[in-house]
2 protein chains.
Amino acid sequence: MRLVVIGGVAAGLSAAARARRLDRNLEIVVLEKGPLISYGACGLPYYIEGQVRDLAELVRFTPERFRRERNIEVRTGAEVAAIHHSRREVALAGGERVHYDKLVIATGARADRSSLPEPEAPHVFTLETPDDARRLMEYLGARRPRQAAVVGAGYIGLEIATALRAHGIAVAVFEREADVLGRSDAHLTRTVAALCDEFHIELRLGAEIGNFPADLVVMAAGRRPNTELAAEAGVETGRTGAIRANERMETNLAGVWAAGDCAETTHLVTGRPVWLPLGTTANKTGRVAGANAAGARARFPGVAGTSIVRVCGLGLAFTGLAAAEARREGFDPVAARIEALDRPHYFWGRKTTVELIADRRTRRLLGGTVIGQRGLEGRINVVATALTNRMRVEDFAQLDLAYTPPYAQVWDPLLIAAQQLEKLLD
Amino acid sequence: MRLVVIGGVAAGLSAAARARRLDRNLEIVVLEKGPLISYGACGLPYYIEGQVRDLAELVRFTPERFRRERNIEVRTGAEVAAIHHSRREVALAGGERVHYDKLVIATGARADRSSLPEPEAPHVFTLETPDDARRLMEYLGARRPRQAAVVGAGYIGLEIATALRAHGIAVAVFEREADVLGRSDAHLTRTVAALCDEFHIELRLGAEIGNFPADLVVMAAGRRPNTELAAEAGVETGRTGAIRANERMETNLAGVWAAGDCAETTHLVTGRPVWLPLGTTANKTGRVAGANAAGARARFPGVAGTSIVRVCGLGLAFTGLAAAEARREGFDPVAARIEALDRPHYFWGRKTTVELIADRRTRRLLGGTVIGQRGLEGRINVVATALTNRMRVEDFAQLDLAYTPPYAQVWDPLLIAAQQLEKLLD
């Protein structure tokens, strides 16, 4: 019995490792088209920024280690050209055919440069693999660009902009939408715009790159799931454009699972399919796909939509729906935003901004935003946990959160925001 | 219509402020026996340690400010000698009688020194009010004690021990129980014992102070709710010894509410009455009592049992039940403890210890512990939120927690602990 996994980064390797843990006898083959596996793509902007010295630090496992420690065959440079599901075979680019009994598709996503005026010019980059990062760093050292254009003000675009500013390069960020971070949130956008202004990053919203004169372009927009292989084999995609999978990460084809950035998941607040490609979800869905491919009955309930980014030293985190999104989904959102100290003033408390959103009729929490310099990951995680449990504002406001002066306030900013929201709902 | 509140610290003032917000016309009188109101008692050990320069920083409101801004009469030095509920009157120590229509009892708790060999000796202190702290600081300056004994290894005792060590004083901590922090948790106790050892604090477990030669004794054990006034008026106490109140913070007497350290609450994991006197709960129950006294229908569902303390620079947090407590409550607890980095290694990740406990049969989470130097407040709050929602381990393991290298790991230590726990349950 052989499991083949297409893709050797977060989702693919999680699937393979999990399958091995549950079934010692399964033959497991991972096919990765690139030269490396198991790299932390989220660390790449920090390599550019200079926070990570060596790209090797971002690589957790080698194929050798996977073979030695887990008896999993990992082949790099193994690009799959086609899936022939009726024969249970994948065809590699070189012509080789690999039989499978079970298949996990973890082909990821890619930034699409094709919308750029000169997509293949030597000064145009994406930042998706360690190779991309090495090439960009070499370019920075050799050409010393003076004016960069970053396309896309999502979290990758803003991280790259921050990183390039740290090299003393003038940076302009072009975002087609009116808001940043893929969220219809005017306050979040204003906060990021003010930060960019302070750090001399030119943020152009509702704008295309056009003929902007730049000697470095980084494409960080238009990310799309890699579904072509799957689609040609008859795997269905959903309304988001990513592969449709149920909560067991099963596709419409028997014996074929999908996981990671190529697959859609369910949004826990709306109950609807969503495509939010993130490393956390890739690891989780990979793990579930791998478990089920090994005969277990694991399930992935969905995502709350949690995201966090650091831009120019400030942390911005959100989860669930923004008010405008909630309205589009048929809710009647009410939002409360407060600013409060995260610790007592006598313990160097710093200002933290919390916004909570609830549905007027059901009083159920729909989303939240936390902005600050520390502790924001913990706060947004509390909101995500509340959303997962469909908590109402009044129950959230009574949460037994930790307090001691060195770490927290007696009324955590989360609770103050909830009280404010209760007032607006009454 | 007059609301009288007995007690002017966390619970009492929260009640008064909340009642005023909901009813502009209510006459509100707060009777506080001490000279100050609205002080942050949790900050007192940090004043002793030298982190807080001036006790005034711990006082948030003055009686004048309450009168001016909220039209609430706050009387300090107003000790209530008796409650005559049939006449709806409280009698002050000086003989004056104050009529009430509604009464909130927020009389707090006190450390009982009577078990000490010399309870009234001049070198024996408690640390409950700013006055206590001032006297202790004066004593430290004037007498320069060399050997201190702290009675009790709860959070206050350990904070005081840390503070006294910062003055270069030899410190021995005596704890009658076998474990610290009021929790039957051997690992937590070992961690604190190792810390004490490292910082030259002598921790004597299962020990009484006896004839230990000390020129400074701080009593931080045997805290008891101040229920005498209430009990004499016919207010029932519960099995914990604190005032029994329902989820509206109503006592058995009509028109009488209880809040804060004098009252018991419900433990959200066991569903049973519990007495866990903490500032957070005092504020919340005060707010609920005040709202209901003003005619609203607020409720306080209970506490998860969340606690956090910093001892010698290390943070220790827990919530819910320890395994031994869970067993006593009739659960079949299974515990998993892991150590993991809180951020990627290339982003200066630090080790964090997470323990999660679940019931074997129902797989419901029962409690958790987080030990580390940062981020522990956020992690324990996620566990507390999960306990409040009676989450099962497998759902907890799929929580959509935030990830970005500067703030978090792709698999948060919480999720790794949950996966480990799932393995043990399977």
# chains A, B, ... in the order shown; residues from 1 in each chain; ligands from 1

$ interface_residues --of "chain A" --to "chain B" --cutoff "7 Å" --atoms "only C-alpha atoms" --output "ChimeraX atom specification"
/A:42-43,52,57,279-280,300,303-304,306-309,346,375,377-379,381-382,384-386,389,398-405,407,410-411

$ write_last_selection --atoms "N, CA, C and O atoms" --output "short mmCIF file (atom, residue, chain, number, x, y, z; two decimals), in the first residue's frame"
data_model
loop_
_atom_site.label_atom_id
_atom_site.label_comp_id
_atom_site.auth_asym_id
_atom_site.auth_seq_id
_atom_site.Cartn_x
_atom_site.Cartn_y
_atom_site.Cartn_z
N CYS A 42 7.44 31.61 5.83
CA CYS A 42 7.08 32.81 6.58
C CYS A 42 8.31 33.53 7.11
O CYS A 42 8.24 34.69 7.50
N GLY A 43 9.44 32.82 7.16
CA GLY A 43 10.66 33.47 7.65
C GLY A 43 11.42 34.21 6.56
O GLY A 43 12.35 34.97 6.87
N VAL A 52 17.32 36.98 10.01
CA VAL A 52 17.74 35.58 9.89
C VAL A 52 19.02 35.59 9.07
O VAL A 52 19.06 36.12 7.97
N GLU A 57 18.76 28.20 8.31
CA GLU A 57 18.00 28.22 9.58
C GLU A 57 16.51 28.02 9.35
O GLU A 57 15.78 27.68 10.28
N GLY A 279 0.42 29.17 6.82
CA GLY A 279 1.24 28.04 7.27
C GLY A 279 0.59 27.21 8.34
O GLY A 279 0.72 25.97 8.36
N THR A 280 -0.11 27.87 9.26
CA THR A 280 -0.77 27.13 10.35
C THR A 280 -1.80 26.17 9.79
O THR A 280 -1.85 24.99 10.16
N PHE A 300 -10.89 18.31 10.18
CA PHE A 300 -10.45 19.70 10.32
C PHE A 300 -11.69 20.56 10.26
O PHE A 300 -12.31 20.70 9.20
N VAL A 303 -11.37 27.27 9.86
CA VAL A 303 -10.51 28.35 10.36
C VAL A 303 -11.36 29.52 10.86
O VAL A 303 -12.46 29.76 10.38
N ALA A 304 -10.80 30.20 11.85
CA ALA A 304 -11.45 31.41 12.34
C ALA A 304 -11.03 32.62 11.50
O ALA A 304 -11.67 33.67 11.56
N THR A 306 -7.66 33.75 11.52
CA THR A 306 -6.70 34.47 12.35
C THR A 306 -5.45 34.82 11.54
O THR A 306 -4.91 33.98 10.84
N SER A 307 -5.01 36.04 11.70
CA SER A 307 -3.84 36.51 10.97
C SER A 307 -3.10 37.49 11.84
O SER A 307 -3.69 38.22 12.64
N ILE A 308 -1.78 37.51 11.72
CA ILE A 308 -0.98 38.45 12.50
C ILE A 308 0.21 38.85 11.66
O ILE A 308 0.75 38.04 10.91
N VAL A 309 0.60 40.10 11.77
CA VAL A 309 1.75 40.58 11.00
C VAL A 309 2.43 41.68 11.80
O VAL A 309 1.79 42.38 12.59
N TYR A 346 1.92 51.61 36.40
CA TYR A 346 3.14 51.55 37.20
C TYR A 346 4.01 50.37 36.80
O TYR A 346 5.10 50.18 37.36
N GLY A 375 1.92 41.04 23.31
CA GLY A 375 0.73 40.40 23.86
C GLY A 375 -0.41 40.28 22.87
O GLY A 375 -1.45 39.71 23.19
N GLU A 377 -0.61 38.51 20.15
CA GLU A 377 -0.87 37.15 19.69
C GLU A 377 -1.76 36.41 20.69
O GLU A 377 -2.68 35.70 20.31
N GLY A 378 -1.52 36.62 21.98
CA GLY A 378 -2.35 35.98 22.99
C GLY A 378 -3.78 36.50 22.95
O GLY A 378 -4.74 35.72 23.05
N ARG A 379 -3.92 37.80 22.79
CA ARG A 379 -5.28 38.37 22.79
C ARG A 379 -6.07 37.91 21.58
O ARG A 379 -7.24 37.56 21.68
N ASN A 381 -5.68 35.26 19.97
CA ASN A 381 -5.97 33.83 20.13
C ASN A 381 -7.17 33.59 21.04
O ASN A 381 -7.94 32.65 20.84
N VAL A 382 -7.33 34.44 22.04
CA VAL A 382 -8.52 34.34 22.90
C VAL A 382 -9.77 34.63 22.07
O VAL A 382 -10.78 33.91 22.16
N ALA A 384 -10.07 34.24 18.83
CA ALA A 384 -10.25 33.12 17.90
C ALA A 384 -10.91 31.93 18.61
O ALA A 384 -11.78 31.26 18.04
N THR A 385 -10.49 31.69 19.84
CA THR A 385 -11.08 30.60 20.62
C THR A 385 -12.56 30.89 20.90
O THR A 385 -13.40 29.99 20.84
N ALA A 386 -12.85 32.13 21.18
CA ALA A 386 -14.24 32.52 21.42
C ALA A 386 -15.08 32.36 20.16
O ALA A 386 -16.21 31.86 20.21
N ASN A 389 -16.02 28.86 19.43
CA ASN A 389 -17.07 28.39 20.32
C ASN A 389 -18.34 29.22 20.23
O ASN A 389 -19.23 29.07 21.07
N GLN A 398 -17.17 38.05 30.61
CA GLN A 398 -16.98 37.47 31.95
C GLN A 398 -15.83 36.45 31.97
O GLN A 398 -15.67 35.73 32.97
N LEU A 399 -15.07 36.38 30.90
CA LEU A 399 -13.97 35.40 30.86
C LEU A 399 -13.01 35.63 32.03
O LEU A 399 -12.68 36.75 32.37
N ASP A 400 -12.57 34.51 32.58
CA ASP A 400 -11.65 34.55 33.73
C ASP A 400 -10.21 34.64 33.21
O ASP A 400 -9.49 33.65 33.16
N LEU A 401 -9.83 35.84 32.83
CA LEU A 401 -8.49 36.06 32.26
C LEU A 401 -7.49 36.37 33.37
O LEU A 401 -7.83 36.88 34.43
N ALA A 402 -6.25 36.04 33.09
CA ALA A 402 -5.19 36.15 34.10
C ALA A 402 -4.84 37.59 34.42
O ALA A 402 -4.83 38.45 33.54
N TYR A 403 -4.56 37.85 35.68
CA TYR A 403 -4.10 39.17 36.09
C TYR A 403 -2.99 39.09 37.13
O TYR A 403 -3.12 38.42 38.14
N THR A 404 -1.90 39.74 36.84
CA THR A 404 -0.89 40.09 37.82
C THR A 404 -0.11 41.24 37.22
O THR A 404 0.11 41.26 36.00
N PRO A 405 0.29 42.23 38.03
CA PRO A 405 0.85 43.45 37.45
C PRO A 405 1.99 43.25 36.43
O PRO A 405 2.02 43.95 35.42
N TYR A 407 2.34 41.18 34.16
CA TYR A 407 1.92 40.61 32.88
C TYR A 407 0.60 41.14 32.34
O TYR A 407 0.33 40.98 31.15
N VAL A 410 -6.00 44.20 35.50
CA VAL A 410 -7.13 43.57 36.18
C VAL A 410 -8.34 43.48 35.23
O VAL A 410 -9.06 42.49 35.25
N TRP A 411 -8.54 44.50 34.43
CA TRP A 411 -9.50 44.40 33.32
C TRP A 411 -8.66 44.35 32.06
O TRP A 411 -8.13 45.37 31.62
#

$ select_by_dssp --residues "region 227-410 of chain B" --states "alpha helix (DSSP H)" --output "JSON, numbers by chain"
{"B": [228, 229, 230, 231, 232, 279, 280, 281, 282, 283, 284, 285, 286, 287, 288, 289, 290, 291, 292, 293, 323, 324, 325, 326, 327, 328, 376, 377, 378, 379, 380, 381, 382, 383, 384, 385, 386, 387, 388, 393, 394, 395, 396]}

$ residues_around --residues "Ala254 (chain B)" --least-positions-apart "6" --cutoff "10 Å" --atoms "only C-alpha atoms" --output "list in words"
His85, Lys102 and Leu103 of chain B

$ atom_distance --atom1 "CA of Gln420 (chain A)" --atom2 "CA of Glu329 (chain A)"
23.6 Å

$ select_by_dssp --residues "region 188-402 of chain A" --states "strand (DSSP E)" --output "VMD selection string"
chain A and resid 201 to 205 216 to 219 223 to 225 256 to 258 265 to 266 273 to 274 307 to 311 314 to 320 333 to 341 351 to 359 365 to 372

$ closest_residue --among "B:Leu164, B:Ala230, B:Ala17, B:Ala221" --to "Glu177 (chain B)" --atoms "only C-alpha atoms"
B:Ala221

$ decode --residues "region 73-115 of chain B" --atoms "C-alpha atoms" --output "JSON list (two decimals), in the first residue's frame"
[["chain", "number", "residue", "atom", "x", "y", "z"],
["B", 73, "GLU", "CA", -20.78, 59.26, 48.47],
["B", 74, "VAL", "CA", -17.71, 57.41, 49.65],
["B", 75, "ARG", "CA", -16.97, 57.51, 53.37],
["B", 76, "THR", "CA", -13.60, 56.29, 54.57],
["B", 77, "GLY", "CA", -12.97, 55.36, 58.20],
["B", 78, "ALA", "CA", -16.56, 54.17, 58.24],
["B", 79, "GLU", "CA", -16.49, 50.77, 59.90],
["B", 80, "VAL", "CA", -19.75, 48.90, 59.89],
["B", 81, "ALA", "CA", -20.42, 47.21, 63.26],
["B", 82, "ALA", "CA", -23.67, 45.49, 62.39],
["B", 83, "ILE", "CA", -26.26, 44.98, 59.67],
["B", 84, "HIS", "CA", -29.87, 45.15, 60.88],
["B", 85, "HIS", "CA", -31.61, 43.81, 57.84],
["B", 86, "SER", "CA", -35.12, 43.82, 59.29],
["B", 87, "ARG", "CA", -34.79, 47.59, 59.71],
["B", 88, "ARG", "CA", -32.71, 47.96, 56.52],
["B", 89, "GLU", "CA", -29.98, 49.65, 58.49],
["B", 90, "VAL", "CA", -26.27, 49.31, 59.02],
["B", 91, "ALA", "CA", -24.81, 50.50, 62.32],
["B", 92, "LEU", "CA", -21.39, 52.12, 62.19],
["B", 93, "ALA", "CA", -18.79, 51.56, 64.89],
["B", 94, "GLY", "CA", -19.38, 55.10, 66.19],
["B", 95, "GLY", "CA", -23.08, 54.38, 66.65],
["B", 96, "GLU", "CA", -24.42, 56.12, 63.58],
["B", 97, "ARG", "CA", -27.07, 54.25, 61.63],
["B", 98, "VAL", "CA", -27.33, 54.31, 57.85],
["B", 99, "HIS", "CA", -30.53, 53.28, 56.15],
["B", 100, "TYR", "CA", -30.45, 51.22, 52.96],
["B", 101, "ASP", "CA", -32.96, 49.93, 50.51],
["B", 102, "LYS", "CA", -30.40, 47.76, 48.81],
["B", 103, "LEU", "CA", -27.15, 46.48, 50.21],
["B", 104, "VAL", "CA", -23.98, 45.17, 48.59],
["B", 105, "ILE", "CA", -21.61, 43.38, 50.94],
["B", 106, "ALA", "CA", -18.02, 43.62, 49.72],
["B", 107, "THR", "CA", -16.12, 43.18, 52.95],
["B", 108, "GLY", "CA", -13.19, 41.32, 51.43],
["B", 109, "ALA", "CA", -10.89, 38.88, 53.13],
["B", 110, "ARG", "CA", -7.99, 39.04, 55.53],
["B", 111, "ALA", "CA", -4.85, 37.14, 56.37],
["B", 112, "ASP", "CA", -5.26, 35.56, 59.77],
["B", 113, "ARG", "CA", -2.17, 36.00, 61.93],
["B", 114, "SER", "CA", -3.66, 34.34, 64.96],
["B", 115, "SER", "CA", -1.90, 31.04, 64.21]]
